[in-house]
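Content type mmCIF, C-alpha atoms, from the file start06.cif:
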data_entry
#
loop_
_atom_site.group_PDB
_atom_site.id
_atom_site.type_symbol
_atom_site.label_atom_id
_atom_site.label_comp_id
_atom_site.auth_asym_id
_atom_site.auth_seq_id
_atom_site.Cartn_x
_atom_site.Cartn_y
_atom_site.Cartn_z
ATOM 1 C CA MET V 1 18.209 -60.828 83.142
ATOM 2 C CA GLY V 2 17.055 -57.317 82.522
ATOM 3 C CA PHE V 3 16.954 -56.256 78.903
ATOM 4 C CA GLU V 4 15.565 -53.505 76.761
ATOM 5 C CA MET V 5 13.163 -55.220 74.405
ATOM 6 C CA LYS V 6 11.095 -54.149 71.482
ATOM 7 C CA PRO V 7 7.632 -53.222 72.746
ATOM 8 C CA GLU V 8 5.342 -56.212 72.728
ATOM 9 C CA LYS V 9 2.160 -56.994 74.590
ATOM 10 C CA ASP V 10 2.656 -58.467 78.076
ATOM 11 C CA VAL V 11 6.396 -57.835 78.067
ATOM 12 C CA LEU V 12 8.387 -56.384 80.971
ATOM 13 C CA SER V 13 9.473 -52.810 80.274
ATOM 14 C CA LYS V 14 12.816 -51.479 81.449
ATOM 15 C CA ASP V 15 11.573 -49.440 84.411
ATOM 16 C CA GLN V 16 8.916 -51.803 85.742
ATOM 17 C CA CYS V 17 9.323 -53.886 88.868
ATOM 18 C CA LYS V 18 6.050 -55.778 88.530
ATOM 19 C CA VAL V 19 4.423 -57.327 85.514
ATOM 20 C CA LYS V 20 0.989 -58.816 85.362
ATOM 21 C CA SER V 21 1.025 -62.295 83.931
ATOM 22 C CA PRO V 22 -1.045 -62.797 80.779
ATOM 23 C CA ASN V 23 -4.580 -63.886 81.565
ATOM 24 C CA PRO V 24 -5.025 -67.343 80.092
ATOM 25 C CA ASN V 25 -8.811 -66.963 80.382
ATOM 26 C CA SER V 26 -8.974 -63.914 78.134
ATOM 27 C CA VAL V 27 -11.053 -64.257 74.994
ATOM 28 C CA ASN V 28 -8.014 -63.090 73.040
ATOM 29 C CA SER V 29 -5.710 -65.590 74.699
ATOM 30 C CA PRO V 30 -4.176 -68.360 72.610
ATOM 31 C CA HIS V 31 -5.257 -70.715 75.392
ATOM 32 C CA ILE V 32 -8.872 -70.298 74.277
ATOM 33 C CA LYS V 33 -9.744 -72.200 71.134
ATOM 34 C CA LYS V 34 -13.100 -72.649 69.476
ATOM 35 C CA LYS V 35 -14.574 -76.043 70.151
ATOM 36 C CA LYS V 36 -15.313 -78.150 67.122
ATOM 37 C CA LYS V 37 -18.156 -80.600 67.058
ATOM 38 C CA ASN V 38 -16.828 -84.110 66.945
ATOM 39 C CA ASN V 39 -19.075 -86.478 65.025
ATOM 40 C CA ASN V 40 -16.641 -89.355 65.148
ATOM 41 C CA LYS V 41 -17.822 -91.364 68.113
ATOM 42 C CA ASN V 42 -15.173 -94.007 67.546
ATOM 43 C CA LYS V 43 -12.267 -91.542 67.660
ATOM 44 C CA LYS V 44 -9.935 -92.200 70.556
ATOM 45 C CA LYS V 45 -9.867 -89.507 73.191
ATOM 46 C CA LEU V 46 -6.578 -88.242 74.527
ATOM 47 C CA PRO V 47 -6.084 -88.952 78.228
ATOM 48 C CA ARG V 48 -7.066 -86.030 80.406
ATOM 49 C CA LYS V 49 -5.074 -84.855 83.366
ATOM 50 C CA LYS V 50 -6.508 -85.962 86.646
ATOM 51 C CA ARG V 51 -8.338 -83.293 88.554
ATOM 52 C CA GLY V 52 -6.028 -81.781 91.134
ATOM 53 C CA GLU V 53 -2.847 -82.937 89.354
ATOM 54 C CA ILE V 54 -0.121 -80.317 89.704
ATOM 55 C CA THR V 55 1.795 -79.439 86.553
ATOM 56 C CA ALA V 56 5.581 -79.076 86.579
ATOM 57 C CA VAL V 57 5.409 -75.324 85.987
ATOM 58 C CA ARG V 58 2.892 -74.874 88.817
ATOM 59 C CA ARG V 59 5.155 -76.911 91.080
ATOM 60 C CA LEU V 60 8.009 -74.594 90.106
ATOM 61 C CA PHE V 61 5.919 -71.518 90.910
ATOM 62 C CA ASP V 62 4.842 -72.876 94.312
ATOM 63 C CA THR V 63 8.430 -73.802 95.185
ATOM 64 C CA CYS V 64 9.697 -70.335 94.215
ATOM 65 C CA LYS V 65 7.106 -68.754 96.511
ATOM 66 C CA GLU V 66 8.405 -70.841 99.380
ATOM 67 C CA VAL V 67 12.111 -70.481 98.617
ATOM 68 C CA PHE V 68 12.031 -66.674 98.185
ATOM 69 C CA SER V 69 9.343 -65.902 100.799
ATOM 70 C CA ASN V 70 11.843 -64.138 103.068
ATOM 71 C CA GLY V 71 14.162 -63.009 100.323
ATOM 72 C CA GLY V 72 15.509 -59.666 99.227
ATOM 73 C CA PRO V 73 18.591 -58.060 97.675
ATOM 74 C CA GLY V 74 21.699 -59.941 98.776
ATOM 75 C CA VAL V 75 19.691 -62.540 100.711
ATOM 76 C CA ILE V 76 20.657 -66.104 99.781
ATOM 77 C CA PRO V 77 18.100 -68.856 100.496
ATOM 78 C CA SER V 78 19.159 -71.651 102.846
ATOM 79 C CA GLU V 79 20.967 -74.678 101.425
ATOM 80 C CA ASP V 80 17.859 -76.808 101.900
ATOM 81 C CA LYS V 81 15.696 -74.365 99.960
ATOM 82 C CA ILE V 82 18.288 -74.011 97.208
ATOM 83 C CA GLN V 83 18.375 -77.774 96.803
ATOM 84 C CA GLN V 84 14.584 -77.918 96.838
ATOM 85 C CA LEU V 85 14.319 -75.516 93.908
ATOM 86 C CA ARG V 86 17.233 -77.092 92.099
ATOM 87 C CA ASP V 87 15.553 -80.526 92.269
ATOM 88 C CA ILE V 88 12.442 -79.071 90.614
ATOM 89 C CA LEU V 89 14.426 -77.384 87.828
ATOM 90 C CA ASP V 90 16.664 -80.387 87.186
ATOM 91 C CA ASN V 91 13.579 -82.373 86.186
ATOM 92 C CA MET V 92 11.975 -79.676 84.011
ATOM 93 C CA LYS V 93 11.560 -80.499 80.322
ATOM 94 C CA PRO V 94 10.663 -78.329 77.292
ATOM 95 C CA GLU V 95 7.162 -79.789 77.125
ATOM 96 C CA ASP V 96 6.544 -78.692 80.727
ATOM 97 C CA VAL V 97 6.469 -75.095 79.464
ATOM 98 C CA GLY V 98 4.949 -75.772 76.053
ATOM 99 C CA LEU V 99 8.158 -75.531 74.012
ATOM 100 C CA THR V 100 9.508 -77.556 71.100
ATOM 101 C CA PRO V 101 12.716 -76.942 69.088
ATOM 102 C CA THR V 102 10.632 -76.573 65.907
ATOM 103 C CA MET V 103 8.971 -73.328 67.053
ATOM 104 C CA PRO V 104 9.711 -70.150 65.036
ATOM 105 C CA TYR V 105 11.724 -68.635 67.915
ATOM 106 C CA PHE V 106 14.518 -71.137 67.275
ATOM 107 C CA ARG V 107 14.853 -70.870 63.491
ATOM 108 C CA PRO V 108 18.234 -69.582 62.243
ATOM 109 C CA ASP V 109 16.521 -67.459 59.582
ATOM 110 C CA TYR V 110 13.908 -66.025 61.965
ATOM 111 C CA GLY V 111 14.293 -62.283 62.367
ATOM 112 C CA PRO V 112 16.213 -59.387 60.822
ATOM 113 C CA GLU V 113 18.335 -59.259 57.711
ATOM 114 C CA HIS V 114 21.385 -61.421 57.250
ATOM 115 C CA GLY V 115 24.478 -60.297 59.124
ATOM 116 C CA SER V 116 22.817 -58.910 62.229
ATOM 117 C CA SER V 117 22.518 -60.702 65.538
ATOM 118 C CA PRO V 118 19.598 -63.160 65.526
ATOM 119 C CA PRO V 119 16.745 -62.138 67.832
ATOM 120 C CA ILE V 120 16.296 -63.809 71.192
ATOM 121 C CA THR V 121 12.708 -64.255 72.352
ATOM 122 C CA TYR V 122 11.780 -63.767 75.994
ATOM 123 C CA LEU V 123 8.693 -65.497 77.388
ATOM 124 C CA HIS V 124 7.466 -63.942 80.636
ATOM 125 C CA LEU V 125 5.875 -66.425 83.056
ATOM 126 C CA HIS V 126 5.680 -64.534 86.347
ATOM 127 C CA GLN V 127 7.117 -61.641 88.311
ATOM 128 C CA CYS V 128 6.549 -60.320 91.819
ATOM 129 C CA ASP V 129 8.687 -58.466 94.367
ATOM 130 C CA GLN V 130 10.381 -61.681 95.485
ATOM 131 C CA PHE V 131 11.174 -63.497 92.228
ATOM 132 C CA SER V 132 10.649 -63.751 88.483
ATOM 133 C CA ILE V 133 10.349 -66.681 86.081
ATOM 134 C CA GLY V 134 11.061 -66.406 82.353
ATOM 135 C CA ILE V 135 12.394 -68.297 79.364
ATOM 136 C CA PHE V 136 14.983 -67.149 76.825
ATOM 137 C CA CYS V 137 14.599 -68.769 73.410
ATOM 138 C CA LEU V 138 17.830 -68.558 71.407
ATOM 139 C CA PRO V 139 18.322 -69.521 67.745
ATOM 140 C CA PRO V 140 21.783 -70.783 66.729
ATOM 141 C CA SER V 141 24.467 -68.089 67.289
ATOM 142 C CA GLY V 142 22.142 -66.075 69.541
ATOM 143 C CA VAL V 143 24.090 -64.141 72.209
ATOM 144 C CA ILE V 144 23.137 -62.731 75.595
ATOM 145 C CA PRO V 145 26.102 -60.396 76.274
ATOM 146 C CA LEU V 146 28.146 -60.297 79.474
ATOM 147 C CA HIS V 147 25.960 -58.796 82.233
ATOM 148 C CA ASN V 148 25.507 -58.858 86.006
ATOM 149 C CA HIS V 149 22.848 -59.810 88.562
ATOM 150 C CA PRO V 150 23.160 -57.343 91.470
ATOM 151 C CA GLY V 151 22.141 -58.808 94.823
ATOM 152 C CA MET V 152 20.451 -61.800 93.174
ATOM 153 C CA THR V 153 20.397 -65.562 93.425
ATOM 154 C CA VAL V 154 19.776 -66.912 89.919
ATOM 155 C CA PHE V 155 18.842 -70.423 88.764
ATOM 156 C CA SER V 156 19.297 -71.232 85.056
ATOM 157 C CA LYS V 157 18.068 -74.453 83.498
ATOM 158 C CA LEU V 158 19.001 -75.365 79.914
ATOM 159 C CA LEU V 159 15.853 -77.072 78.633
ATOM 160 C CA PHE V 160 17.293 -78.211 75.308
ATOM 161 C CA GLY V 161 20.168 -77.461 72.971
ATOM 162 C CA THR V 162 23.867 -76.654 73.391
ATOM 163 C CA MET V 163 25.100 -73.404 74.905
ATOM 164 C CA HIS V 164 28.474 -71.911 75.810
ATOM 165 C CA ILE V 165 28.646 -70.067 79.137
ATOM 166 C CA LYS V 166 31.413 -67.764 80.255
ATOM 167 C CA SER V 167 31.135 -66.229 83.718
ATOM 168 C CA TYR V 168 33.112 -64.137 86.193
ATOM 169 C CA ASP V 169 33.085 -63.012 89.812
ATOM 170 C CA TRP V 170 34.709 -59.846 91.112
ATOM 171 C CA VAL V 171 38.131 -60.148 92.762
ATOM 172 C CA VAL V 172 37.568 -58.909 96.298
ATOM 173 C CA ASP V 173 39.704 -55.937 97.381
ATOM 174 C CA ALA V 174 41.476 -55.698 94.020
ATOM 175 C CA PRO V 175 42.300 -52.119 92.934
ATOM 176 C CA MET V 176 40.080 -50.661 90.219
ATOM 177 C CA ARG V 177 41.713 -49.261 87.089
ATOM 178 C CA ASP V 178 39.089 -46.535 86.947
ATOM 179 C CA SER V 179 35.513 -45.933 88.077
ATOM 180 C CA LYS V 180 34.159 -48.358 85.464
ATOM 181 C CA THR V 181 36.900 -50.983 85.136
ATOM 182 C CA ARG V 182 37.368 -53.736 87.702
ATOM 183 C CA LEU V 183 39.306 -56.977 88.009
ATOM 184 C CA ALA V 184 37.311 -60.213 87.723
ATOM 185 C CA LYS V 185 38.153 -63.887 88.121
ATOM 186 C CA LEU V 186 36.982 -66.462 85.583
ATOM 187 C CA LYS V 187 34.423 -68.830 87.088
ATOM 188 C CA MET V 188 33.219 -70.835 84.096
ATOM 189 C CA ASP V 189 34.173 -71.171 80.441
ATOM 190 C CA SER V 190 32.333 -74.274 79.273
ATOM 191 C CA THR V 191 29.794 -75.646 76.847
ATOM 192 C CA LEU V 192 26.666 -77.337 78.209
ATOM 193 C CA THR V 193 24.320 -79.678 76.382
ATOM 194 C CA ALA V 194 20.867 -80.601 77.627
ATOM 195 C CA PRO V 195 19.824 -82.605 79.524
ATOM 196 C CA CYS V 196 21.906 -81.142 82.335
ATOM 197 C CA ASN V 197 21.363 -79.868 85.855
ATOM 198 C CA ALA V 198 20.462 -76.271 86.648
ATOM 199 C CA SER V 199 23.288 -73.833 87.329
ATOM 200 C CA ILE V 200 23.157 -71.352 90.211
ATOM 201 C CA LEU V 201 24.863 -68.022 90.734
ATOM 202 C CA TYR V 202 24.884 -65.910 93.874
ATOM 203 C CA PRO V 203 25.252 -62.195 94.687
ATOM 204 C CA GLU V 204 29.035 -62.487 95.203
ATOM 205 C CA ASP V 205 29.875 -65.931 93.841
ATOM 206 C CA GLY V 206 29.060 -68.589 91.286
ATOM 207 C CA GLY V 207 29.688 -66.420 88.220
ATOM 208 C CA ASN V 208 27.497 -63.380 88.864
ATOM 209 C CA MET V 209 28.508 -61.865 85.517
ATOM 210 C CA HIS V 210 27.883 -64.204 82.613
ATOM 211 C CA ARG V 211 27.463 -64.431 78.841
ATOM 212 C CA PHE V 212 25.382 -67.010 76.957
ATOM 213 C CA THR V 213 26.163 -68.046 73.370
ATOM 214 C CA ALA V 214 23.896 -70.538 71.609
ATOM 215 C CA ARG V 215 25.832 -73.226 69.718
ATOM 216 C CA THR V 216 22.519 -74.697 68.577
ATOM 217 C CA ALA V 217 18.933 -73.635 69.073
ATOM 218 C CA CYS V 218 18.294 -73.695 72.810
ATOM 219 C CA ALA V 219 15.968 -72.554 75.574
ATOM 220 C CA VAL V 220 16.953 -71.372 79.061
ATOM 221 C CA LEU V 221 14.513 -71.234 81.960
ATOM 222 C CA ASP V 222 15.565 -68.486 84.386
ATOM 223 C CA VAL V 223 14.496 -67.891 87.997
ATOM 224 C CA LEU V 224 15.734 -64.656 89.599
ATOM 225 C CA GLY V 225 15.359 -63.803 93.259
ATOM 226 C CA PRO V 226 14.801 -60.926 93.598
ATOM 227 C CA PRO V 227 14.208 -59.708 89.999
ATOM 228 C CA TYR V 228 15.789 -56.673 88.363
ATOM 229 C CA CYS V 229 14.203 -53.394 89.405
ATOM 230 C CA ASN V 230 15.626 -50.055 88.284
ATOM 231 C CA PRO V 231 13.769 -47.919 90.876
ATOM 232 C CA GLU V 232 15.321 -50.074 93.621
ATOM 233 C CA GLY V 233 18.803 -49.849 92.116
ATOM 234 C CA ARG V 234 18.989 -53.357 90.647
ATOM 235 C CA HIS V 235 20.060 -52.404 87.141
ATOM 236 C CA CYS V 236 21.262 -54.833 84.509
ATOM 237 C CA THR V 237 24.770 -53.656 83.620
ATOM 238 C CA TYR V 238 26.664 -54.884 80.561
ATOM 239 C CA PHE V 239 30.440 -55.236 80.415
ATOM 240 C CA LEU V 240 33.303 -55.288 77.938
ATOM 241 C CA GLU V 241 35.987 -57.886 78.594
ATOM 242 C CA PHE V 242 39.725 -57.142 78.315
ATOM 243 C CA PRO V 243 42.799 -59.342 78.929
ATOM 244 C CA LEU V 244 44.704 -58.606 82.105
ATOM 245 C CA ASP V 245 47.733 -57.216 80.207
ATOM 246 C CA ASN V 246 45.644 -54.531 78.517
ATOM 247 C CA PHE V 247 45.594 -52.381 81.651
ATOM 248 C CA SER V 248 48.408 -53.928 83.702
ATOM 249 C CA SER V 249 52.159 -53.689 83.628
ATOM 250 C CA GLU V 250 54.571 -56.250 85.033
ATOM 251 C CA GLU V 251 55.121 -54.001 88.027
ATOM 252 C CA ASP V 252 51.428 -54.067 88.923
ATOM 253 C CA ASN V 253 50.447 -56.491 91.647
ATOM 254 C CA VAL V 254 46.730 -56.558 90.935
ATOM 255 C CA LEU V 255 46.322 -60.299 91.416
ATOM 256 C CA ARG V 256 47.727 -60.391 94.957
ATOM 257 C CA GLY V 257 48.168 -64.131 94.988
ATOM 258 C CA GLU V 258 44.971 -64.838 93.051
ATOM 259 C CA GLY V 259 46.783 -67.100 90.569
ATOM 260 C CA ASP V 260 47.366 -67.141 86.822
ATOM 261 C CA LYS V 261 46.727 -64.235 84.474
ATOM 262 C CA GLU V 262 44.657 -66.314 82.066
ATOM 263 C CA GLY V 263 42.048 -66.875 84.740
ATOM 264 C CA HIS V 264 41.459 -63.135 85.170
ATOM 265 C CA ALA V 265 40.226 -60.230 83.070
ATOM 266 C CA TRP V 266 39.277 -56.585 83.333
ATOM 267 C CA LEU V 267 35.552 -55.968 83.017
ATOM 268 C CA GLN V 268 34.575 -52.488 81.929
ATOM 269 C CA GLU V 269 31.055 -51.204 82.443
ATOM 270 C CA ARG V 270 29.325 -50.240 79.203
ATOM 271 C CA ASP V 271 27.449 -46.989 78.777
ATOM 272 C CA ASP V 272 25.503 -48.124 75.744
ATOM 273 C CA LYS V 273 23.265 -51.029 74.871
ATOM 274 C CA PRO V 274 25.323 -53.857 73.318
ATOM 275 C CA GLU V 275 25.016 -54.024 69.553
ATOM 276 C CA ASP V 276 24.778 -57.811 69.710
ATOM 277 C CA LEU V 277 21.763 -57.686 72.032
ATOM 278 C CA ASN V 278 18.469 -58.272 70.269
ATOM 279 C CA VAL V 279 15.685 -59.403 72.611
ATOM 280 C CA VAL V 280 11.991 -59.339 71.758
ATOM 281 C CA GLY V 281 9.049 -60.373 73.881
ATOM 282 C CA ALA V 282 6.385 -62.930 73.088
ATOM 283 C CA LEU V 283 3.335 -64.253 74.887
ATOM 284 C CA TYR V 284 3.866 -67.378 76.967
ATOM 285 C CA THR V 285 1.315 -69.993 75.894
ATOM 286 C CA GLY V 286 2.391 -72.985 77.959
ATOM 287 C CA PRO V 287 0.638 -74.511 80.983
ATOM 288 C CA LYS V 288 -0.778 -72.081 83.518
ATOM 289 C CA VAL V 289 1.704 -70.816 86.062
ATOM 290 C CA GLU V 290 -0.862 -69.810 88.682
ATOM 291 C CA ASP V 291 -4.612 -69.786 89.179
#

How would this structure read if it were set down as structure tokens?
Amino acid sequence: MGFEMKPEKDVLSKDQCKVKSPNPNSVNSPHIKKKKKNNNKNKKKLPRKKRGEITAVRRLFDTCKEVFSNGGPGVIPSEDKIQQLRDILDNMKPEDVGLTPTMPYFRPDYGPEHGSSPPITYLHLHQCDQFSIGIFCLPPSGVIPLHNHPGMTVFSKLLFGTMHIKSYDWVVDAPMRDSKTRLAKLKMDSTLTAPCNASILYPEDGGNMHRFTARTACAVLDVLGPPYCNPEGRHCTYFLEFPLDNFSSEEDNVLRGEGDKEGHAWLQERDDKPEDLNVVGALYTGPKVED
């Protein structure tokens, strides 16, 4: 998802295509903590990870490199590769990326004054030309407005919490009402609760336009291939949603055998940033993504 966010260190800006991942070896990094002398010889030591053991997030990164190695706008990975990445995501847990529901990102009272949309925190893990990995942390009632994913294959894994998802795909060959208003078919209108499998959308199918609404505090791990990139024409566009009857008369034959009216809507491209969009960036402090 491509969003305008309040400027924060190590956060993807609107016009960037590449972002350097935070250096976990930096002296200012939260990964580096001062060692304290332990005089208690009888204190039990926590088990250390075996040398060479691959973490879940590193396994995800390595799989993404393989799956999107020959990718590009509109290019869908093979079924085998899609299943390979899906299997990795289906088994991902909050602790694999250093998250717990008690973190400040997920508090209902965290953020601006009462009455405004609660802030959503974005944690950037990795981005290159082929793919990006990030996590959206939503407090209760947090909303990611209806938006698209041009030419992308997107994997979304709900790590914890309950979230409502509403998504659409364009109706092929349907007449447009105007240059910014187009007919769309409802793909999904459901509530998911973790643990659940990853969902996948494609450039022309699977609910390419979707909206997320947090019923409880929740975290969503997103993999985009390829990522948004304004200079290359992959803009994140937001939409307003209107019932079919708003722009159609009974004489109109816009559905052309597509089925019931309730399963369709007009989506109108927005010129402005949605008022209910409030995304801020924060430093990812979980296990290392890459060496």

Reference answer for the PyMOL selection byres ((chain V and resi 221) around 7), as a ChimeraX atom specification: /V:134-136,156-159,219-220,222-223

Would you mind telling me which residue in V:Trp170, V:Phe131, V:Tyr228, V:Tyr284 lies nearest to Lys185 of chain V when using all atoms listed in the file?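 For Lys185 of chain V, the nearest of the given residues is V:Trp170.
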
Given only C-alpha atoms as the counted atoms, nearest of V:Cys128, V:Leu85, V:Cys229, V:Ile144 to Glu275 of chain V: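 Nearest candidate to Glu275 of chain V out of V:Cys128, V:Leu85, V:Cys229, V:Ile144: V:Ile144.
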
Between V:Thr237, V:Thr55, V:Ser179, V:Thr193, which has the minimum distance to Met92 of chain V (counting only C-alpha atoms)?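 Between V:Thr237, V:Thr55, V:Ser179, V:Thr193, the residue approaching Met92 of chain V most closely is V:Thr55.
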
Pick the closest to Gly161 of chain V from V:Ser69, V:Ser141, V:Gly233, V:Thr121: which is it, counting only C-alpha atoms?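 Nearest to Gly161 of chain V: V:Ser141.
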
Any chance you could work out the residue set of the PyMOL selection byres ((chain V and resi 240-243) around 7) here, as an NGL selection string? :V and (239 or 244-246 or 265-270)

Could you check which of V:Gly98, V:Gly286, V:Gly281, V:Gly151 is closest to Tyr122 of chain V, using all atoms listed in the file? V:Gly281

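Near Leu186 of chain V, within 6 Å and counting all atoms listed in the file, sit Tyr168, Gly263 and His264 of chain V; same-chain residues fewer than 5 positions away were not included.
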
So the first atom is atom CA of Glu204 of chain V and the second is atom CA of Val57 of chain V; what is the distance between them in Å, to one decimal place?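 Pair atom CA of Glu204 of chain V / atom CA of Val57 of chain V returns 28.4 Å.
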
Find the residues near Asn91 of chain V: any atom within 10 Å, counting all atoms listed in the file, skip ones fewer than 4 places away on the same chain, and give them as a count of residues only. 10

Looking at only C-alpha atoms, which of V:Lys93, V:His210, V:His124, V:Arg234 is the one that sits closest to Gly74 of chain V?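 Closest to Gly74 of chain V of all the choices is V:Arg234.
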
Report, in Å with one decimal, the straight-line distance from atom CA of Tyr202 of chain V to atom CA of Phe68 of chain V.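 One can read the atom CA of Tyr202 of chain V to atom CA of Phe68 of chain V distance as 13.6 Å.
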
Env of Thr216 of chain V: 9 Å cut, atoms = only C-alpha atoms, seq-sep filter 5 positions within chain, self excluded. Answer as a list of chain:residue names. V:Phe106, V:Leu138, V:Pro139, V:Pro140, V:Ser141, V:Gly142, V:Gly161, V:Thr162, V:Met163

Keeping C-alpha atoms, export the residues of the selection given above as an mmCIF file, keeping the file's coordinate frame.
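What ended up in selection_26.cif:
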data_model
loop_
_atom_site.group_PDB
_atom_site.id
_atom_site.type_symbol
_atom_site.label_atom_id
_atom_site.label_comp_id
_atom_site.auth_asym_id
_atom_site.auth_seq_id
_atom_site.Cartn_x
_atom_site.Cartn_y
_atom_site.Cartn_z
ATOM 1 C CA PHE V 106 14.518 -71.137 67.275
ATOM 2 C CA LEU V 138 17.830 -68.558 71.407
ATOM 3 C CA PRO V 139 18.322 -69.521 67.745
ATOM 4 C CA PRO V 140 21.783 -70.783 66.729
ATOM 5 C CA SER V 141 24.467 -68.089 67.289
ATOM 6 C CA GLY V 142 22.142 -66.075 69.541
ATOM 7 C CA GLY V 161 20.168 -77.461 72.971
ATOM 8 C CA THR V 162 23.867 -76.654 73.391
ATOM 9 C CA MET V 163 25.100 -73.404 74.905
#

So the first atom is atom CA of Met152 of chain V and the second is atom CA of Arg211 of chain V; what is the distance between them in Å, to one decimal place?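 Spanning atom CA of Met152 of chain V to atom CA of Arg211 of chain V is a straight-line distance of 16.2 Å.
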
Expanded to explicit residues, what is the PyMOL selection byres ((chain V and resi 203) around 9) for this file, as a VMD selection string? chain V and resid 73 to 76 149 to 154 201 to 202 204 to 208

Writer output for current selection, C-alpha atoms, as a compact mmCIF listing (two decimals), keeping the file's coordinate frame:
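Result went into again-v8.txt, see below:
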# COMPACT_ATOMS: atom_id res chain seq x y z
CA PRO V 73 18.59 -58.06 97.68
CA GLY V 74 21.70 -59.94 98.78
CA VAL V 75 19.69 -62.54 100.71
CA ILE V 76 20.66 -66.10 99.78
CA HIS V 149 22.85 -59.81 88.56
CA PRO V 150 23.16 -57.34 91.47
CA GLY V 151 22.14 -58.81 94.82
CA MET V 152 20.45 -61.80 93.17
CA THR V 153 20.40 -65.56 93.42
CA VAL V 154 19.78 -66.91 89.92
CA LEU V 201 24.86 -68.02 90.73
CA TYR V 202 24.88 -65.91 93.87
CA GLU V 204 29.04 -62.49 95.20
CA ASP V 205 29.88 -65.93 93.84
CA GLY V 206 29.06 -68.59 91.29
CA GLY V 207 29.69 -66.42 88.22
CA ASN V 208 27.50 -63.38 88.86
